[in-house]
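Enquirer: Just work-v9.cif, nothing more (mmCIF, C-alpha atoms):
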```cif
data_entry
loop_
_atom_site.label_atom_id
_atom_site.label_comp_id
_atom_site.auth_asym_id
_atom_site.auth_seq_id
_atom_site.Cartn_x
_atom_site.Cartn_y
_atom_site.Cartn_z
CA MET A 200 0.00 0.00 0.00
CA THR A 201 1.24 3.52 -0.73
CA LEU A 202 0.55 6.94 0.71
CA LEU A 203 1.12 10.06 -1.39
CA LEU A 204 0.90 13.61 -0.04
CA ASP A 205 0.83 16.17 -2.86
CA GLY A 206 2.37 13.50 -5.08
CA GLN A 207 5.29 12.79 -2.71
CA LYS A 208 5.44 9.20 -1.49
CA VAL A 209 5.72 8.67 2.26
CA GLN A 210 8.68 6.27 2.49
CA GLY A 211 8.84 3.42 4.98
CA LYS A 212 8.15 -0.25 5.52
CA ASN A 213 4.99 -1.98 6.79
CA LEU A 214 2.81 1.06 6.06
CA LYS A 215 -0.61 0.76 7.74
CA VAL A 216 -3.38 3.36 7.36
CA THR A 217 -6.43 3.24 9.63
CA GLY A 218 -9.45 5.40 8.78
CA ASN A 219 -11.61 6.83 11.57
CA LEU A 220 -14.98 8.60 11.50
CA ARG A 221 -16.15 10.08 14.80
CA ILE A 222 -19.91 10.54 15.18
CA GLU A 223 -20.82 12.99 17.94
CA SER A 224 -23.95 12.39 19.99
CA GLY A 225 -25.29 13.75 23.23
CA ASP A 226 -27.14 11.98 26.01
CA MET A 227 -30.76 13.13 26.24
CA SER A 228 -31.76 10.96 29.21
CA GLY A 229 -31.12 13.51 31.94
CA GLN A 230 -31.39 11.65 35.26
CA THR A 231 -33.37 8.74 33.81
CA SER A 232 -32.28 5.43 32.31
CA ASN A 233 -33.55 6.44 28.89
CA THR A 234 -31.20 5.62 26.02
CA ASP A 235 -32.12 8.48 23.67
CA LYS A 236 -29.23 10.25 21.97
CA ALA A 237 -29.06 13.52 20.06
CA HIS A 238 -27.06 13.43 16.84
CA LYS A 239 -24.56 16.31 16.89
CA GLY A 240 -22.93 15.69 13.53
CA PHE A 241 -19.92 14.06 11.96
CA LYS A 242 -16.48 15.19 12.99
CA PRO A 243 -13.62 15.31 10.45
CA LYS A 244 -12.37 11.90 9.37
CA THR A 245 -8.84 10.99 10.39
CA LEU A 246 -6.22 8.67 8.98
CA ALA A 247 -3.92 7.08 11.59
CA VAL A 248 -0.68 6.08 9.87
CA SER A 249 1.99 3.76 11.21
CA LEU A 250 5.19 2.62 9.50
CA MET A 251 8.74 1.56 10.15
CA ILE A 252 11.83 3.44 8.95
CA PRO A 253 15.24 1.70 9.28
CA PHE A 254 18.01 3.72 10.95
CA ALA A 255 19.98 3.40 7.69
CA ASP A 256 17.21 5.32 5.86
CA ARG A 257 17.32 8.35 8.16
CA VAL A 258 16.51 10.67 5.19
CA GLN A 259 13.02 9.14 4.97
CA LEU A 260 12.24 10.28 8.52
CA THR A 261 13.72 13.71 7.79
CA ASP A 262 11.50 14.03 4.70
CA LEU A 263 8.43 13.00 6.70
CA MET A 264 9.21 15.60 9.37
CA ARG A 265 9.58 18.25 6.67
CA LEU A 266 6.09 17.36 5.38
CA ALA A 267 4.63 17.50 8.91
CA GLU A 268 6.19 20.89 9.68
CA ALA A 269 5.25 22.55 6.38
CA THR A 270 3.09 25.64 6.70
CA ALA A 271 1.12 27.68 4.24
CA SER A 272 0.94 31.45 4.08
CA GLY A 273 -0.25 32.91 7.35
CA GLY A 274 1.37 30.16 9.42
CA GLU A 275 -1.42 27.61 8.95
CA LEU A 276 -0.59 23.95 8.45
CA HIS A 277 -0.07 22.92 4.84
CA LEU A 278 -3.09 21.24 3.23
CA TYR A 279 -2.12 18.09 1.31
CA ARG A 280 -3.92 16.26 -1.46
CA VAL A 281 -3.86 12.61 -0.34
CA VAL A 282 -3.71 9.46 -2.46
CA ASN A 283 -4.27 6.20 -0.59
CA ASP A 284 -6.74 3.31 -0.91
CA THR A 285 -8.12 3.74 2.63
CA ALA A 286 -8.43 7.52 2.18
CA GLU A 287 -10.26 7.00 -1.10
CA ALA A 288 -12.63 4.47 0.47
CA PHE A 289 -13.40 6.95 3.25
CA GLY A 290 -13.88 9.80 0.77
CA VAL A 291 -10.93 11.78 2.14
CA ARG A 292 -9.25 14.03 -0.42
CA GLN A 293 -7.42 16.73 1.52
CA VAL A 294 -5.63 16.35 4.85
CA GLU A 295 -3.31 18.10 7.24
CA PHE A 296 -1.06 16.72 9.96
CA SER A 297 -2.66 16.73 13.39
CA GLU A 298 -2.02 15.36 16.87
CA GLY A 299 1.72 15.18 16.29
CA VAL A 300 4.23 12.76 14.83
CA SER A 301 5.97 10.18 17.00
CA ALA A 302 9.01 8.06 16.23
CA ARG A 303 10.32 5.58 18.77
CA GLU A 304 13.15 3.12 18.50
CA ALA A 305 12.04 -0.47 17.93
CA ASP A 306 13.12 -2.97 20.61
CA ASN A 307 14.69 -5.67 18.44
CA LEU A 308 15.12 -3.84 15.14
CA LYS A 309 17.44 -1.08 14.09
CA ALA A 310 14.52 1.12 13.05
CA TRP A 311 12.04 3.76 14.14
CA LEU A 312 8.37 2.93 14.59
CA VAL A 313 6.64 6.05 13.31
CA GLN A 314 3.03 7.08 13.93
CA PHE A 315 1.11 10.17 12.88
CA THR A 316 -2.43 11.32 12.20
CA LEU A 317 -3.81 13.12 9.18
CA SER A 318 -7.10 15.01 9.64
CA GLU A 319 -9.52 15.69 6.84
CA ARG A 320 -10.06 19.28 5.72
CA GLU A 321 -12.70 20.75 3.44
CA SER A 322 -14.80 17.58 3.52
CA ASN A 323 -18.01 17.18 1.57
CA PRO A 324 -20.22 17.42 4.72
CA GLU A 325 -18.33 20.60 5.67
CA LYS A 326 -18.97 22.11 2.22
CA VAL A 327 -22.67 21.14 2.35
CA GLU A 328 -23.01 22.67 5.81
CA GLY A 329 -21.40 25.90 4.55
CA ARG A 330 -23.84 26.09 1.65
CA ARG A 331 -26.89 25.37 3.80
CA ALA A 332 -29.01 28.49 4.29
CA GLY A 333 -29.10 29.77 7.83
CA ASN A 334 -32.33 29.91 9.78
CA LYS A 335 -34.30 33.04 8.98
CA VAL A 336 -34.89 35.27 11.97
CA ASP A 337 -38.15 37.20 11.95
CA ALA A 338 -38.06 40.69 13.45
CA GLN A 339 -40.58 41.35 16.19
CA GLY A 340 -42.61 44.47 16.76
CA ALA A 341 -45.69 45.65 18.62
CA PRO A 342 -49.08 45.38 16.89
CA GLY A 343 -49.84 48.45 14.77
CA SER A 344 -46.25 49.66 14.51
CA SER A 345 -43.65 48.86 11.94
CA VAL A 346 -40.44 47.18 13.04
CA GLY A 347 -38.39 50.34 12.52
CA ASP A 348 -40.76 52.49 14.61
CA ALA A 349 -41.33 50.01 17.46
CA GLY A 350 -41.58 51.97 20.69
CA THR A 351 -40.23 55.22 19.23
CA GLY A 352 -43.53 57.02 18.84
CA GLY A 353 -42.84 57.62 15.17
CA ASP A 354 -44.70 60.19 13.10
CA PRO A 355 -48.29 58.95 12.50
CA THR A 356 -48.50 61.14 9.39
CA SER A 357 -45.68 59.30 7.64
CA ASP A 358 -46.43 56.80 4.93
CA ASN A 359 -47.33 54.03 7.33
CA PRO A 360 -49.32 51.40 5.45
CA ALA A 361 -51.15 50.49 8.69
CA LEU A 362 -52.93 53.89 8.70
CA SER A 363 -55.64 54.79 6.24
CA GLY A 364 -55.77 58.24 4.63
CA PHE A 365 -58.49 59.39 7.06
CA GLU A 366 -56.39 58.23 10.04
CA LYS A 367 -53.43 60.22 8.74
CA VAL A 368 -55.58 63.37 8.52
CA LEU A 369 -56.85 62.80 12.07
CA GLY A 370 -53.24 62.43 13.23
CA ARG A 371 -52.34 65.83 11.74
CA VAL A 372 -55.40 67.46 13.34
CA ASP A 373 -54.54 65.88 16.69
CA LYS A 374 -50.98 67.23 16.52
CA TRP A 375 -52.26 70.69 15.53
CA LEU A 376 -54.81 70.82 18.39
CA GLY A 377 -52.31 69.46 20.88
CA GLY A 378 -49.78 72.12 19.99
CA SER A 379 -47.05 69.66 19.10
CA GLU A 380 -47.06 70.65 15.41
CA GLN A 381 -43.60 71.84 14.42
CA LYS A 382 -43.48 74.91 12.18
#
```
Take the structure I supplied and represent it as structure tokens, if you would.
Expert:
Amino acid sequence: MTLLLDGQKVQGKNLKVTGNLRIESGDMSGQTSNTDKAHKGFKPKTLAVSLMIPFADRVQLTDLMRLAEATASGGELHLYRVVNDTAEAFGVRQVEFSEGVSAREADNLKAWLVQFTLSERESNPEKVEGRRAGNKVDAQGAPGSSVGDAGTGGDPTSDNPALSGFEKVLGRVDKWLGGSEQK
């Protein structure tokens, strides 16, 4: 099996890639023994990679560390296009290094046992969620007043569609009799 990141092969022996999909759910039982769960969505898929690099092939580990430490403009981790059978089966196309890279010396072999995790970025569910229209929020207002004039005592003679022509005339007369008419 091979693993390519932006076309560069990750070198090593006994390469194993494990795909993971975490499904978030919340307990809705409260203090009861109910087993209801609330679905909270799918978290990014991850690829756990393990391999062995002989001490004699030290350059392979150096190249892997260079890939892990690569950053894009702005200091963000570099986003890699991944080619691997497990990644393809999981629908993972773009990944970045996450949760670190570890290399420990094997007990009986002259080699490093290397492990690292690649996390999915810009997944299809993420793109769908970004395109989904947000919930519309309706503005609230008091009966008989428009949303913009709510509680402000706006001018009843303005072009308020809630007032008929006769009501507008009465509003002007009321202002004139009350002495609040501005000249």
Enquirer: As an exercise, work out the distance from atom CA of Phe296 of chain A to atom CA of Gly225 of chain A in Å and give it to one decimal place.
Expert: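 Straight-line distance from atom CA of Phe296 of chain A to atom CA of Gly225 of chain A works out to 27.8 Å.
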Enquirer: Since I can't run it myself right now, could you work out what the PyMOL selection byres ((chain A and resi 288-290) around 12) selects here and report it as an NGL selection string?
Expert: :A and (216-220 or 243-246 or 281-287 or 291-294 or 319-324)
Enquirer: Save the residues we just selected, C-alpha atoms, as a JSON list (two decimals), keeping the file's coordinate frame?
Expert:
```json
[["chain", "number", "residue", "atom", "x", "y", "z"],
["A", 216, "VAL", "CA", -3.38, 3.36, 7.36],
["A", 217, "THR", "CA", -6.43, 3.24, 9.63],
["A", 218, "GLY", "CA", -9.45, 5.40, 8.78],
["A", 219, "ASN", "CA", -11.61, 6.83, 11.57],
["A", 220, "LEU", "CA", -14.98, 8.60, 11.50],
["A", 243, "PRO", "CA", -13.62, 15.31, 10.45],
["A", 244, "LYS", "CA", -12.37, 11.90, 9.37],
["A", 245, "THR", "CA", -8.84, 10.99, 10.39],
["A", 246, "LEU", "CA", -6.22, 8.67, 8.98],
["A", 281, "VAL", "CA", -3.86, 12.61, -0.34],
["A", 282, "VAL", "CA", -3.71, 9.46, -2.46],
["A", 283, "ASN", "CA", -4.27, 6.20, -0.59],
["A", 284, "ASP", "CA", -6.74, 3.31, -0.91],
["A", 285, "THR", "CA", -8.12, 3.74, 2.63],
["A", 286, "ALA", "CA", -8.43, 7.52, 2.18],
["A", 287, "GLU", "CA", -10.26, 7.00, -1.10],
["A", 291, "VAL", "CA", -10.93, 11.78, 2.14],
["A", 292, "ARG", "CA", -9.25, 14.03, -0.42],
["A", 293, "GLN", "CA", -7.42, 16.73, 1.52],
["A", 294, "VAL", "CA", -5.63, 16.35, 4.85],
["A", 319, "GLU", "CA", -9.52, 15.69, 6.84],
["A", 320, "ARG", "CA", -10.06, 19.28, 5.72],
["A", 321, "GLU", "CA", -12.70, 20.75, 3.44],
["A", 322, "SER", "CA", -14.80, 17.58, 3.52],
["A", 323, "ASN", "CA", -18.01, 17.18, 1.57],
["A", 324, "PRO", "CA", -20.22, 17.42, 4.72]]
```
Enquirer: Give me the residues of segment 222-266 of chain A that have any atom at most 10 Å from an atom of segment 206-211 of chain A; for each, the nearest atom pair and the distance in Å, rounded to one decimal. Use all atoms listed in the file, sort by chain and number, and format it as JSON lines.
Expert:
```
{"residue": "A:Ser249", "atom": "CA", "partner": "A:Gly211", "partner_atom": "CA", "distance": 9.3}
{"residue": "A:Leu250", "atom": "CA", "partner": "A:Gly211", "partner_atom": "CA", "distance": 5.9}
{"residue": "A:Met251", "atom": "CA", "partner": "A:Gly211", "partner_atom": "CA", "distance": 5.5}
{"residue": "A:Ile252", "atom": "CA", "partner": "A:Gly211", "partner_atom": "CA", "distance": 5.0}
{"residue": "A:Pro253", "atom": "CA", "partner": "A:Gly211", "partner_atom": "CA", "distance": 7.9}
{"residue": "A:Asp256", "atom": "CA", "partner": "A:Gly211", "partner_atom": "CA", "distance": 8.6}
{"residue": "A:Val258", "atom": "CA", "partner": "A:Gln210", "partner_atom": "CA", "distance": 9.4}
{"residue": "A:Gln259", "atom": "CA", "partner": "A:Gln210", "partner_atom": "CA", "distance": 5.8}
{"residue": "A:Leu260", "atom": "CA", "partner": "A:Gln210", "partner_atom": "CA", "distance": 8.1}
{"residue": "A:Asp262", "atom": "CA", "partner": "A:Val209", "partner_atom": "CA", "distance": 8.3}
{"residue": "A:Leu263", "atom": "CA", "partner": "A:Val209", "partner_atom": "CA", "distance": 6.8}
{"residue": "A:Leu266", "atom": "CA", "partner": "A:Val209", "partner_atom": "CA", "distance": 9.2}
```
Enquirer: Have a look at atom CA of Arg280 of chain A and atom CA of Leu317 of chain A and let me know their distance in Å, one decimal.
Expert: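 Taking atom CA of Arg280 of chain A and atom CA of Leu317 of chain A, their separation equals 11.1 Å.
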Enquirer: Atom CA of His277 of chain A and atom CA of Ala302 of chain A are how many Å apart?
Expert: 20.8 Å
Enquirer: Near Gln314 of chain A, within 6 Å and counting all atoms listed in the file, which residues show up once chain neighbours fewer than 2 positions away are dropped, as a PyMOL selection string?
Expert: chain A and resi 248-249+300-301
Enquirer: Using only C-alpha atoms, which of the listed residues (A:Gly364, A:Phe254, A:Lys236, A:Lys374) sits closest to Glu304 of chain A?
Expert: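 For Glu304 of chain A, the nearest of the candidates is A:Phe254.
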Enquirer: Could you give me the centre and size, in Å to one decimal, of an axis-aligned box around all listed atoms of segment 311-316 of chain A with 4 Å added on every side, as lines of an AutoDock Vina configuration file?
Expert:
```
center_x = 4.8
center_y = 7.1
center_z = 13.4
size_x = 22.5
size_y = 16.4
size_z = 10.4
```
Enquirer: Between A:Thr270, A:Ser318, A:Ser224, A:Ser297, which is the closest to Gly240 of chain A once you count all atoms listed in the file?
Expert: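 With all atoms listed in the file as the atom set, the closest residue is A:Ser224.
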Enquirer: Which residue gives the smallest distance to Asn213 of chain A among A:Leu312, A:Leu276, A:Ala247, A:Ala237, with only C-alpha atoms counted?
Expert: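 Using only C-alpha atoms, the shortest distance to Asn213 of chain A belongs to A:Leu312.
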Enquirer: List as an MDAnalysis selection string the protein and nucleic acid residues near Lys239 of chain A, meaning an atom at most 12 Å away when only C-alpha atoms are counted, but skip any in the same chain fewer than 4 places from it.
Expert: chainID A and resid 221:227
